[in-house]
Amino acid sequence: MRAWFASLAITLAVVWFGLTVAVVPAAHAQPGVAEWTAARDASEAMELSNYAVAQDLLLSMEALYPDHPAVDYVRGKYQFHMGDYADALASLDLALARGGNLEGVMQLRELVASTLAVVGEFETYTTANGLFEIRYEAGRDEILLPWAEETLESAWYELGYDLGYWPEPPIRVEILPRALLLAQVSSLSEEAIRTSGTIALCKYNKLMVTSPRATARGYNWRDTISHEYVHYVVSHLVHQDLPIWLHEALAKYLEGRWTGSRNMVMDPSREDLLTRRVAADALITFEQMHPSMAYLPSAEDASTAYSQVFTISEYIVARRGVAAIRDWLYAVRDGMELEDAFTATFGESFPVFERSWMSYLRERPPVEIPGDFDDEIELLVAPEEVAEGSADTAPDDGGLGSVQARDHLHLGELLRARGLVQGALDEYRRAELLVGTANPILQNALAVVLLDMQQAEQALQALTDVRGWHPGFYPSHLNYARALLELQRPQEALPALELAAGINPFDPAVHEAYATAWQALGNEAAAERARQYRQQTDTGRR
């Protein structure tokens with residue numbers, strides 16, 4: 001059993017990141033066995049997020065071997081992990097100049113130089129409590145800061161209570177304008193990013209998250225930041241290699257804890273996918289998940305894997321509570337083997353648990369979403385590809401299934417564009433009779449025309465089902481809030497607008513609705529802030 005666990009772990013890199021880029025050369029690679037052995041130990045400590053040990057080793061090396069390239073290498077890697085990219089580059093250049101022209105040094109130098117090219121001109125924002133240092137593209141992603149700050153600082157407190165650990169601040173976060181830039185600041189390839197739909201990473205002592213403006217419809221970026229922060233907490237708590245399925249089981253399950261909720265549930269789209277894959281006996285094995293979900297052959301496989309591991313934590317918490325997870329992690333941190341720590345914590349061997357979990361997984365109530373709407377995140381190659389339209393117009397007619405329904409939707413759009421709102425409503429209703437109320441494209445088109453006709457109550461009804469089936473489609477939340485504002489219910493509109501902003505804060509209509517809500521509630525300062533955000537979106541969406 002222990003060998004099985006070991007086969008799922010990476011020797012140096014913390015597992016969910018992917019393969020380590022800068023590998024410390026073997027002690028026999030060049031003269032100076034003691035120096036390179038010390039460098040290897042320091043590098044391993046950094047890969048395990050044990051920076052106190054790494055710093056002590058570096059200080060000792062600087063005292064013992066002040067002019068050796070191994071010291072320059074370790075100093076450069078440490079500076080890189082601390083976010084001091086220019087200094088790291090200088091240290092690595094010095095290592096090469098002193099004869100440390102080894103593959104590992106060159107690889108790390110290339111990564112540092114590439115990272116500096118991407119984020120070197122970013123602005124830095126430190127959150128109010130000093131817990132997080134957020135780096136972002138000036139003038140574009142600045143609008144994300146208020147929501148990012150709230151998410152991260154809430155996650156710091158809530159996850160600290162769950163896992164019994166609060167990392168030492170400041171914690172670095174880098175918001176990247178395009179997902180494919182992850183290939184320049186990590187060991188992932190562009191092909192792996194495109195194939196798996198990877199949009200964020202936790203690696204090199206920082207969180208790296210793609211801006212929602214780099215996707216076609218936005219995405220749940222607040223939960224994504226929190227997801228990566230769970231990885232950060234676990235790695236800094238345990239200082240051990242953990243199998244990828246365990247890391248992702250914790251991160252996926254706990255990513256929503258920043259909201260304060262303890263009722264962790266999967267989106268219906270993931271439940272639907274899991275239902276289909278269980279029925280087809282096409283689940284992803286733990287071995288296939290190794291060394292990273294990003295290397296799975298398709299986005300659907302990656303989504304399946306995330307859905308599966310979510311149910312591991314779900315099952316543990318249902319049986320033992322979240323404290324059992326905390327106890328397991330602490331036992332591993334204190335030196336127990338993963339298998340032994342599991343048995344000591346849960347009172348059963350992992351093979352026994354795995355069999356009971358698989359039975360639980362297969363017996364969970366099936367969820368089937370009506371229709372074929374695709375909830376997958378669509379990555380954009382460049383931010384200028386972001387559509388200029390707001391939630392007023394349907395971006396496509398995907399997932400309607402029925403050709404007749406698509407024809408009715410298209411005709412309704414043409415009629416509405418000509419101001420013939422009653423005719424548009426009739427066409428949308430005909431499409432709805434054919435496909436039901438679960439398609440977000442159709443239901444938002446219907447809600448918008450109902451708002452045009454000042455039928456706000458019916459607009460709310462049109463969106464009720466689809467907001468539950470497809471919570472990641474932000475126009476549903478925006479139009480729901482608009483209907484509430486029409487009905488003079490601004491306080492109820494605010495949570496819906498929070499959901500919309502948590503997916504696509506670059507739509508000016510979100511901030512226009514915010515300003516209306518705050519104005520109606522008599523909060524002029526908040527209304528003015530929303531109007532300022534509205535102005536920023538003209539820059540931020542480009």
# chains A, B, ... in the order shown; residues from 1 in each chain; ligands from 1

$ closest_atom_pairs --of "segment 476-499 of chain A" --to "segment 252-259 of chain A" --cutoff "12 Å" --atoms "only C-alpha atoms" --output "CSV"
residue,atom,partner,partner_atom,distance
A:Pro495,CA,A:Thr259,CA,11.9
A:Glu498,CA,A:Thr259,CA,11.4
A:Leu499,CA,A:Thr259,CA,11.4

$ closest_residue --among "A:Leu380, A:Asp267, A:Val238, A:Leu108" --to "Arg178 of chain A" --atoms "only C-alpha atoms"
A:Leu380

$ residues_around --residues "Ala500 of chain A" --least-positions-apart "2" --cutoff "10 Å" --atoms "only C-alpha atoms" --output "PyMOL selection string"
chain A and resi 218-220+471-481+494-498+502-507+510-511

$ closest_residue --among "A:Leu329, A:Leu420, A:Ala45, A:Val230" --to "Gly160 of chain A" --atoms "only C-alpha atoms"
A:Val230

$ closest_residue --among "A:Gly321, A:Gly401, A:Gly197, A:Gly468" --to "Glu376 of chain A" --atoms "only C-alpha atoms"
A:Gly197

$ residues_around --residues "Gln532 of chain A" --least-positions-apart "4" --cutoff "12 Å" --atoms "only C-alpha atoms" --output "number ranges by chain"
A: 142-143, 508, 511-512, 514-515, 525-528, 536-539

$ residues_around --residues "Met358 of chain A" --least-positions-apart "6" --cutoff "12 Å" --atoms "only C-alpha atoms" --output "ChimeraX atom specification"
/A:278,281,283,285,308-309,311-312,315,350-352,364
